[in-house]
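Peer 1: Contents of protein-v7.cif (mmCIF, C-alpha atoms) are given next:
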data_work
loop_
_atom_site.label_atom_id
_atom_site.label_comp_id
_atom_site.auth_asym_id
_atom_site.auth_seq_id
_atom_site.Cartn_x
_atom_site.Cartn_y
_atom_site.Cartn_z
CA MET A 1 7.39 6.36 -44.84
CA ALA A 2 6.29 3.17 -46.55
CA SER A 3 2.52 2.59 -46.63
CA PRO A 4 1.00 -0.82 -45.71
CA LEU A 5 0.33 -1.34 -49.44
CA ASP A 6 3.99 -0.61 -50.26
CA ILE A 7 5.12 -3.09 -47.59
CA GLU A 8 2.75 -5.78 -48.90
CA ARG A 9 4.07 -5.17 -52.42
CA GLU A 10 7.68 -5.51 -51.23
CA GLU A 11 7.36 -8.36 -48.76
CA GLY A 12 4.32 -10.28 -50.00
CA LEU A 13 4.06 -13.19 -52.40
CA THR A 14 1.23 -11.75 -54.50
CA LEU A 15 2.06 -10.53 -57.98
CA GLN A 16 1.08 -6.84 -57.86
CA PRO A 17 2.90 -5.15 -60.73
CA LYS A 18 3.20 -1.38 -60.36
CA PHE A 19 2.79 0.02 -63.85
CA ASP A 20 3.91 3.61 -64.46
CA ALA A 21 1.70 6.45 -65.73
CA SER A 22 2.03 5.00 -69.26
CA GLY A 23 1.01 1.54 -68.03
CA LEU A 24 4.51 0.08 -68.34
CA LEU A 25 7.11 -1.85 -66.36
CA THR A 26 10.82 -1.80 -67.17
CA CYS A 27 12.19 -5.19 -68.22
CA VAL A 28 15.83 -6.30 -68.25
CA ALA A 29 16.64 -9.40 -70.28
CA THR A 30 19.85 -11.29 -69.58
CA ASP A 31 21.30 -14.31 -71.37
CA ALA A 32 20.65 -17.39 -69.22
CA ALA A 33 23.93 -18.97 -70.37
CA THR A 34 26.38 -16.04 -70.18
CA SER A 35 24.52 -13.68 -67.78
CA GLU A 36 25.21 -10.80 -70.18
CA VAL A 37 22.59 -8.04 -70.25
CA LEU A 38 20.93 -8.34 -73.67
CA MET A 39 18.43 -5.49 -73.66
CA VAL A 40 16.20 -3.18 -71.66
CA ALA A 41 12.61 -2.84 -72.85
CA HIS A 42 9.08 -2.34 -71.52
CA MET A 43 6.09 -4.52 -70.75
CA ASN A 44 2.48 -3.47 -70.37
CA GLU A 45 -0.05 -5.65 -68.57
CA ASP A 46 -0.75 -7.76 -71.68
CA ALA A 47 2.95 -8.26 -72.41
CA LEU A 48 3.63 -9.40 -68.84
CA ARG A 49 0.67 -11.81 -68.88
CA LYS A 50 1.58 -13.27 -72.26
CA THR A 51 5.21 -13.67 -71.19
CA ILE A 52 4.21 -15.53 -68.02
CA GLU A 53 1.64 -17.70 -69.80
CA SER A 54 3.66 -18.56 -72.91
CA GLY A 55 7.23 -18.64 -71.62
CA GLU A 56 8.23 -16.45 -74.58
CA ALA A 57 9.20 -12.79 -74.15
CA TRP A 58 6.56 -10.23 -75.14
CA TYR A 59 7.16 -6.50 -74.90
CA PHE A 60 5.32 -3.23 -75.53
CA SER A 61 6.97 -0.97 -78.06
CA ARG A 62 6.72 2.66 -76.99
CA SER A 63 7.72 3.94 -80.44
CA ARG A 64 5.17 1.80 -82.28
CA GLY A 65 2.55 1.84 -79.50
CA ALA A 66 2.06 -1.90 -79.95
CA LEU A 67 2.37 -5.22 -78.18
CA TRP A 68 5.21 -7.20 -79.69
CA ARG A 69 6.42 -10.78 -79.42
CA LYS A 70 10.21 -10.67 -79.39
CA GLY A 71 11.44 -12.16 -82.66
CA GLU A 72 8.09 -12.09 -84.50
CA THR A 73 9.74 -10.21 -87.40
CA SER A 74 13.39 -11.15 -86.97
CA GLY A 75 13.03 -14.73 -85.74
CA GLN A 76 15.34 -13.83 -82.83
CA THR A 77 13.03 -15.12 -80.10
CA GLN A 78 13.60 -15.30 -76.34
CA ARG A 79 12.53 -18.31 -74.28
CA VAL A 80 12.11 -17.28 -70.66
CA VAL A 81 13.96 -19.49 -68.17
CA GLU A 82 13.09 -17.37 -65.13
CA LEU A 83 11.12 -14.20 -64.46
CA ARG A 84 11.77 -12.14 -61.35
CA MET A 85 10.05 -9.04 -59.95
CA ASP A 86 11.94 -6.34 -58.10
CA CYS A 87 11.17 -5.01 -54.61
CA ASP A 88 8.53 -2.46 -55.56
CA GLN A 89 7.29 -4.52 -58.53
CA ASP A 90 7.93 -1.88 -61.17
CA ALA A 91 10.78 -3.77 -62.86
CA VAL A 92 11.09 -7.29 -64.24
CA TRP A 93 14.25 -9.33 -64.82
CA ILE A 94 13.98 -12.19 -67.30
CA ARG A 95 16.72 -14.73 -67.90
CA VAL A 96 16.30 -15.97 -71.46
CA GLU A 97 17.58 -18.39 -74.03
CA GLN A 98 18.23 -15.97 -76.86
CA VAL A 99 17.94 -17.26 -80.42
CA GLY A 100 20.57 -15.35 -82.39
CA ALA A 101 20.80 -11.68 -81.49
CA ALA A 102 18.68 -9.54 -79.17
CA CYS A 103 19.53 -6.15 -80.70
CA HIS A 104 17.77 -4.75 -83.78
CA THR A 105 21.23 -3.70 -85.07
CA GLY A 106 22.11 -7.40 -85.40
CA ARG A 107 24.34 -7.62 -82.31
CA LYS A 108 23.88 -10.23 -79.59
CA SER A 109 23.37 -7.51 -76.96
CA CYS A 110 22.19 -3.90 -77.24
CA PHE A 111 25.11 -2.98 -74.96
CA TYR A 112 27.94 -3.17 -77.52
CA ARG A 113 29.70 0.05 -76.47
CA LYS A 114 31.37 0.95 -73.22
CA VAL A 115 32.20 4.44 -71.94
CA GLU A 116 35.87 5.31 -71.45
CA ASN A 117 37.29 8.50 -70.03
CA GLY A 118 39.80 10.25 -72.29
CA ASP A 119 41.53 13.63 -72.52
CA GLY A 120 38.62 15.08 -74.48
CA GLY A 121 35.96 13.66 -72.12
CA PRO A 122 34.06 10.39 -72.23
CA ARG A 123 34.00 8.38 -75.47
CA LEU A 124 32.35 5.16 -76.55
CA VAL A 125 34.44 2.08 -77.41
CA LEU A 126 33.04 -0.93 -79.25
CA VAL A 127 32.96 -4.20 -77.30
CA GLY A 128 31.32 -7.41 -78.51
CA ALA A 129 29.90 -5.50 -81.48
CA ASP A 130 30.03 -8.21 -84.16
CA ARG A 131 26.77 -8.51 -86.05
CA LEU A 132 25.03 -11.88 -86.04
CA PHE A 133 22.56 -10.80 -88.72
CA ASP A 134 22.16 -8.02 -91.27
CA PRO A 135 19.30 -5.78 -90.08
CA LYS A 136 18.61 -4.55 -93.64
CA ALA A 137 17.97 -8.10 -94.78
CA VAL A 138 15.99 -9.11 -91.70
CA TYR A 139 13.76 -6.06 -91.37
CA LYS A 140 13.56 -5.35 -95.14
CA LYS A 141 14.22 -1.65 -94.51
CA MET B 1 12.74 4.54 -90.80
CA ALA B 2 15.83 5.48 -88.80
CA SER B 3 16.94 9.12 -89.17
CA PRO B 4 20.63 10.02 -89.74
CA LEU B 5 20.72 11.21 -86.09
CA ASP B 6 19.36 7.86 -84.91
CA ILE B 7 21.98 6.00 -86.96
CA GLU B 8 24.79 8.19 -85.60
CA ARG B 9 23.51 7.54 -82.07
CA GLU B 10 23.47 3.78 -82.67
CA GLU B 11 26.64 3.31 -84.69
CA GLY B 12 28.82 6.25 -83.59
CA LEU B 13 31.36 6.52 -80.81
CA THR B 14 30.10 9.80 -79.38
CA LEU B 15 28.31 9.71 -76.04
CA GLN B 16 24.85 11.13 -76.87
CA PRO B 17 22.53 10.00 -74.07
CA LYS B 18 18.85 10.14 -75.00
CA PHE B 19 17.08 11.27 -71.86
CA ASP B 20 13.31 10.74 -71.69
CA ALA B 21 10.68 13.47 -71.19
CA SER B 22 11.57 13.51 -67.47
CA GLY B 23 15.29 13.88 -68.26
CA LEU B 24 16.13 10.31 -67.25
CA LEU B 25 17.91 7.20 -68.53
CA THR B 26 17.19 3.71 -67.23
CA CYS B 27 20.15 2.10 -65.48
CA VAL B 28 20.68 -1.61 -64.78
CA ALA B 29 23.32 -2.47 -62.19
CA THR B 30 24.79 -5.99 -62.14
CA ASP B 31 27.27 -7.51 -59.71
CA ALA B 32 30.69 -7.61 -61.42
CA ALA B 33 31.58 -10.82 -59.58
CA THR B 34 28.37 -12.88 -59.90
CA SER B 35 26.65 -11.14 -62.88
CA GLU B 36 23.41 -11.07 -60.89
CA VAL B 37 21.09 -8.13 -61.62
CA LEU B 38 21.16 -6.02 -58.47
CA MET B 39 18.75 -3.19 -59.26
CA VAL B 40 17.10 -1.03 -61.89
CA ALA B 41 17.16 2.72 -61.27
CA HIS B 42 17.37 6.01 -63.13
CA MET B 43 20.07 8.54 -63.94
CA ASN B 44 19.62 12.16 -64.98
CA GLU B 45 22.39 14.08 -66.76
CA ASP B 46 24.14 14.98 -63.47
CA ALA B 47 23.98 11.41 -62.17
CA LEU B 48 25.48 10.03 -65.40
CA ARG B 49 28.28 12.63 -65.38
CA LYS B 50 29.11 12.07 -61.71
CA THR B 51 29.10 8.30 -62.20
CA ILE B 52 31.51 8.54 -65.15
CA GLU B 53 33.78 11.05 -63.41
CA SER B 54 33.88 9.47 -59.96
CA GLY B 55 33.60 5.75 -60.72
CA GLU B 56 30.90 5.52 -58.03
CA ALA B 57 27.23 4.98 -58.89
CA TRP B 58 24.98 8.05 -58.69
CA TYR B 59 21.27 7.90 -59.43
CA PHE B 60 18.27 10.21 -59.60
CA SER B 61 15.45 9.28 -57.25
CA ARG B 62 12.08 9.84 -58.90
CA SER B 63 10.21 9.56 -55.60
CA ARG B 64 12.44 12.07 -53.82
CA GLY B 65 13.19 14.20 -56.90
CA ALA B 66 16.85 14.27 -55.92
CA LEU B 67 20.31 13.27 -57.07
CA TRP B 68 21.60 10.48 -54.89
CA ARG B 69 24.96 8.80 -54.42
CA LYS B 70 24.28 5.08 -53.97
CA GLY B 71 25.12 4.20 -50.37
CA GLU B 72 25.29 7.77 -49.04
CA THR B 73 22.81 6.87 -46.28
CA SER B 74 23.23 3.10 -46.05
CA GLY B 75 26.98 2.80 -46.72
CA GLN B 76 26.14 0.19 -49.37
CA THR B 77 28.12 1.86 -52.19
CA GLN B 78 28.72 0.69 -55.75
CA ARG B 79 32.12 1.02 -57.44
CA VAL B 80 31.67 1.00 -61.20
CA VAL B 81 33.89 -1.50 -63.02
CA GLU B 82 32.38 -0.86 -66.47
CA LEU B 83 29.66 1.38 -67.89
CA ARG B 84 27.97 0.53 -71.17
CA MET B 85 25.38 2.38 -73.27
CA ASP B 86 22.70 0.59 -75.25
CA CYS B 87 21.99 0.95 -78.97
CA ASP B 88 19.75 4.03 -78.80
CA GLN B 89 21.56 5.44 -75.75
CA ASP B 90 18.52 5.58 -73.48
CA ALA B 91 19.71 2.81 -71.14
CA VAL B 92 22.93 2.27 -69.19
CA TRP B 93 24.37 -0.99 -67.87
CA ILE B 94 26.86 -0.71 -65.03
CA ARG B 95 28.85 -3.63 -63.67
CA VAL B 96 29.64 -2.81 -60.06
CA GLU B 97 31.47 -3.97 -56.98
CA GLN B 98 28.60 -3.85 -54.50
CA VAL B 99 29.42 -3.17 -50.86
CA GLY B 100 26.89 -5.18 -48.87
CA ALA B 101 23.38 -5.08 -50.30
CA ALA B 102 21.91 -3.09 -53.20
CA CYS B 103 18.27 -3.26 -52.13
CA HIS B 104 16.73 -0.86 -49.58
CA THR B 105 15.00 -3.91 -48.01
CA GLY B 106 18.45 -5.20 -46.98
CA ARG B 107 18.76 -7.89 -49.65
CA LYS B 108 21.75 -8.20 -51.95
CA SER B 109 19.53 -7.77 -55.05
CA CYS B 110 16.14 -6.11 -55.50
CA PHE B 111 15.09 -9.20 -57.49
CA TYR B 112 14.51 -11.60 -54.56
CA ARG B 113 11.23 -13.08 -55.85
CA LYS B 114 10.54 -15.10 -58.96
CA VAL B 115 7.19 -15.67 -60.63
CA GLU B 116 5.84 -19.20 -60.76
CA ASN B 117 2.70 -20.42 -62.46
CA GLY B 118 0.31 -22.30 -60.19
CA ASP B 119 -3.28 -23.51 -60.26
CA GLY B 120 -4.55 -20.18 -58.97
CA GLY B 121 -2.45 -18.14 -61.41
CA PRO B 122 1.04 -16.66 -61.04
CA ARG B 123 2.57 -16.37 -57.56
CA LEU B 124 5.84 -15.00 -56.21
CA VAL B 125 8.40 -17.30 -54.61
CA LEU B 126 11.32 -16.04 -52.52
CA VAL B 127 14.79 -16.68 -53.92
CA GLY B 128 18.02 -15.28 -52.45
CA ALA B 129 15.95 -13.19 -50.05
CA ASP B 130 18.22 -13.24 -46.99
CA ARG B 131 18.74 -9.78 -45.53
CA LEU B 132 22.31 -8.52 -45.25
CA PHE B 133 21.25 -5.54 -43.12
CA ASP B 134 18.24 -4.38 -41.13
CA PRO B 135 16.64 -1.49 -43.04
CA LYS B 136 15.04 -0.10 -39.86
CA ALA B 137 18.47 0.28 -38.27
CA VAL B 138 20.18 1.60 -41.41
CA TYR B 139 17.56 4.13 -42.53
CA LYS B 140 16.33 5.02 -38.99
CA LYS B 141 12.70 4.70 -40.09
#
Show this structure as structure tokens.
Peer 2:
Amino acid sequence: MASPLDIEREEGLTLQPKFDASGLLTCVATDAATSEVLMVAHMNEDALRKTIESGEAWYFSRSRGALWRKGETSGQTQRVVELRMDCDQDAVWIRVEQVGAACHTGRKSCFYRKVENGDGGPRLVLVGADRLFDPKAVYKK
Amino acid sequence: MASPLDIEREEGLTLQPKFDASGLLTCVATDAATSEVLMVAHMNEDALRKTIESGEAWYFSRSRGALWRKGETSGQTQRVVELRMDCDQDAVWIRVEQVGAACHTGRKSCFYRKVENGDGGPRLVLVGADRLFDPKAVYKK
């Protein structure tokens, strides 16, 4: 049974993000021009606030434990055209103008492989996997 | 520094899903016809396998702690047109043919509110929020 607070969060017009136990929301970024899903990442409270205030995508990196402006190292920034909240306000969808490539591997989208069923079980098949930049050069790894 | 296992997971063609500490992947479902983001949900190993095998979307409900075929109560099923894995294989993107509405509130998409900046700070604004079904009637709450 939904509580009054849940109903207000779903039907109201107040921004009431529901961060998880780690203080994070899930964020899906799609390309505003092509509608392709570019990446899935996370935002903490600071990242969400900075994204709304600046119109540039900010995330929280779980592996590095740090707030992160998309493109601050790679130059592959994301200008936010629209930001939407989902029903229970634990997920964010941003439509962005992507400069270059969203994926750290140098591809436009992180989703460059699809699953196909074969005789030996499911396999991955490359799709749209051309690199737009060389990650070794960009990240100096 | 990326380990050899990380590189194989990112560049290889073997399905090696990277489930989180709760045994889950994040899944984004988009409408195959309109490219709209319909919902963000989670899949455990069983849900991913059943989705790949059946071509229908299965999820794992964190609130109910249960495997769940999308639409089993509401009839609002999702036929999977394509399933993609992201670079580090901890997120799935499915393009689906959505029967009716994806959101439990009766809307086509869970993302029926956008964030707008105003004088008093950010506010939510309804967008595409028409209900396609009455949740009280469908879920018998």
Peer 1: For the structure provided, state which residues fall under the PyMOL selection byres ((chain A) within 9 of (chain B)), and present them as a count of residues only.
Peer 2: 46
Peer 1: May I have the residues within 6 Å of region 61-76 of chain B as a ChimeraX atom specification, using all atoms listed in the file and disregarding those fewer than 5 positions away in the same chain?
Peer 2: /B:99-100,138
Peer 1: Work out how far apart CA of Val81 (chain B) and CA of Lys108 (chain A) are and give it in Å to one decimal.
Peer 2: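 Pair CA of Val81 (chain B) / CA of Lys108 (chain A) returns 21.2 Å.
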Peer 1: Taking all atoms of region 22-29 of chain A that appear in the file, build a box with edges along x, y and z, extend it by 5 Å on every side, and state its centre and edge lengths in Å to one decimal, as lines of an AutoDock Vina configuration file.
Peer 2:
center_x = 8.8
center_y = -2.2
center_z = -68.3
size_x = 25.6
size_y = 24.4
size_z = 13.9
Peer 1: Quick check, in Å to one decimal: how far apart do CA of Pro17 (chain A) and CA of Asn44 (chain A) lie?
Peer 2: 9.8 Å
Peer 1: Of the candidates A:Asp119, A:Ala47, A:Tyr59, A:Ala32, which shows the shortest atom-to-atom distance to Arg79 (chain A), using all atoms listed in the file?
Peer 2: A:Ala32
Peer 1: Interatomic distance between CA of Thr77 (chain A) and CA of Asp130 (chain A)?
Peer 2: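 Going from CA of Thr77 (chain A) over to CA of Asp130 (chain A) covers 18.8 Å.
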Peer 1: Can you turn the PyMOL selection byres ((chain A and resi 57) around 6) into a concrete residue list for this file, as a PDB file with C-alpha atoms, keeping the file's coordinate frame?
Peer 2:
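What follows is the written file selection_17.pdb:
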ATOM      1  CA  THR A  51       5.210 -13.670 -71.190  1.00  0.00           C
ATOM      2  CA  GLU A  56       8.230 -16.450 -74.580  1.00  0.00           C
ATOM      3  CA  TRP A  58       6.560 -10.230 -75.140  1.00  0.00           C
ATOM      4  CA  LYS A  70      10.210 -10.670 -79.390  1.00  0.00           C
ATOM      5  CA  GLN A  78      13.600 -15.300 -76.340  1.00  0.00           C
TER       6      GLN A  78
END
Peer 1: List every protein, DNA or RNA residue that has an atom no more than 6 Å from (8.8, 2.2, -69.9) in the file's coordinate frame, counting only C-alpha atoms, and report them as a ChimeraX atom specification.
Peer 2: /A:24-26,42
Peer 1: Missing atoms in region 19-31 of chain B should be modelled up to N, CA and C atoms and reported as a PDB file, in the coordinates of the input.
Peer 2:
ATOM      1  N   PHE B  19      17.892  11.205 -73.074  1.00  0.00           N
ATOM      2  CA  PHE B  19      17.080  11.270 -71.860  1.00  0.00           C
ATOM      3  C   PHE B  19      15.595  11.321 -72.241  1.00  0.00           C
ATOM      4  N   ASP B  20      14.748  10.734 -71.392  1.00  0.00           N
ATOM      5  CA  ASP B  20      13.310  10.740 -71.690  1.00  0.00           C
ATOM      6  C   ASP B  20      12.696  12.096 -71.326  1.00  0.00           C
ATOM      7  N   ALA B  21      11.362  12.188 -71.423  1.00  0.00           N
ATOM      8  CA  ALA B  21      10.680  13.470 -71.190  1.00  0.00           C
ATOM      9  C   ALA B  21      10.930  13.994 -69.774  1.00  0.00           C
ATOM     10  N   SER B  22      11.258  13.093 -68.840  1.00  0.00           N
ATOM     11  CA  SER B  22      11.570  13.510 -67.470  1.00  0.00           C
ATOM     12  C   SER B  22      13.070  13.733 -67.271  1.00  0.00           C
ATOM     13  N   GLY B  23      13.844  13.643 -68.357  1.00  0.00           N
ATOM     14  CA  GLY B  23      15.290  13.880 -68.260  1.00  0.00           C
ATOM     15  C   GLY B  23      16.054  12.700 -67.701  1.00  0.00           C
ATOM     16  N   LEU B  24      15.522  11.488 -67.882  1.00  0.00           N
ATOM     17  CA  LEU B  24      16.130  10.310 -67.250  1.00  0.00           C
ATOM     18  C   LEU B  24      16.507   9.216 -68.247  1.00  0.00           C
ATOM     19  N   LEU B  25      17.543   8.465 -67.891  1.00  0.00           N
ATOM     20  CA  LEU B  25      17.910   7.200 -68.530  1.00  0.00           C
ATOM     21  C   LEU B  25      17.552   6.083 -67.556  1.00  0.00           C
ATOM     22  N   THR B  26      17.322   4.884 -68.082  1.00  0.00           N
ATOM     23  CA  THR B  26      17.190   3.710 -67.230  1.00  0.00           C
ATOM     24  C   THR B  26      18.573   3.113 -67.011  1.00  0.00           C
ATOM     25  N   CYS B  27      18.852   2.704 -65.776  1.00  0.00           N
ATOM     26  CA  CYS B  27      20.150   2.100 -65.480  1.00  0.00           C
ATOM     27  C   CYS B  27      19.962   0.735 -64.819  1.00  0.00           C
ATOM     28  N   VAL B  28      20.649  -0.267 -65.360  1.00  0.00           N
ATOM     29  CA  VAL B  28      20.680  -1.610 -64.780  1.00  0.00           C
ATOM     30  C   VAL B  28      22.042  -1.790 -64.131  1.00  0.00           C
ATOM     31  N   ALA B  29      22.053  -2.186 -62.867  1.00  0.00           N
ATOM     32  CA  ALA B  29      23.320  -2.470 -62.190  1.00  0.00           C
ATOM     33  C   ALA B  29      23.428  -3.973 -61.954  1.00  0.00           C
ATOM     34  N   THR B  30      24.548  -4.561 -62.401  1.00  0.00           N
ATOM     35  CA  THR B  30      24.790  -5.990 -62.140  1.00  0.00           C
ATOM     36  C   THR B  30      26.043  -6.121 -61.286  1.00  0.00           C
ATOM     37  N   ASP B  31      26.117  -7.224 -60.559  1.00  0.00           N
ATOM     38  CA  ASP B  31      27.270  -7.510 -59.710  1.00  0.00           C
ATOM     39  C   ASP B  31      28.425  -7.980 -60.612  1.00  0.00           C
TER      40      ASP B  31
END
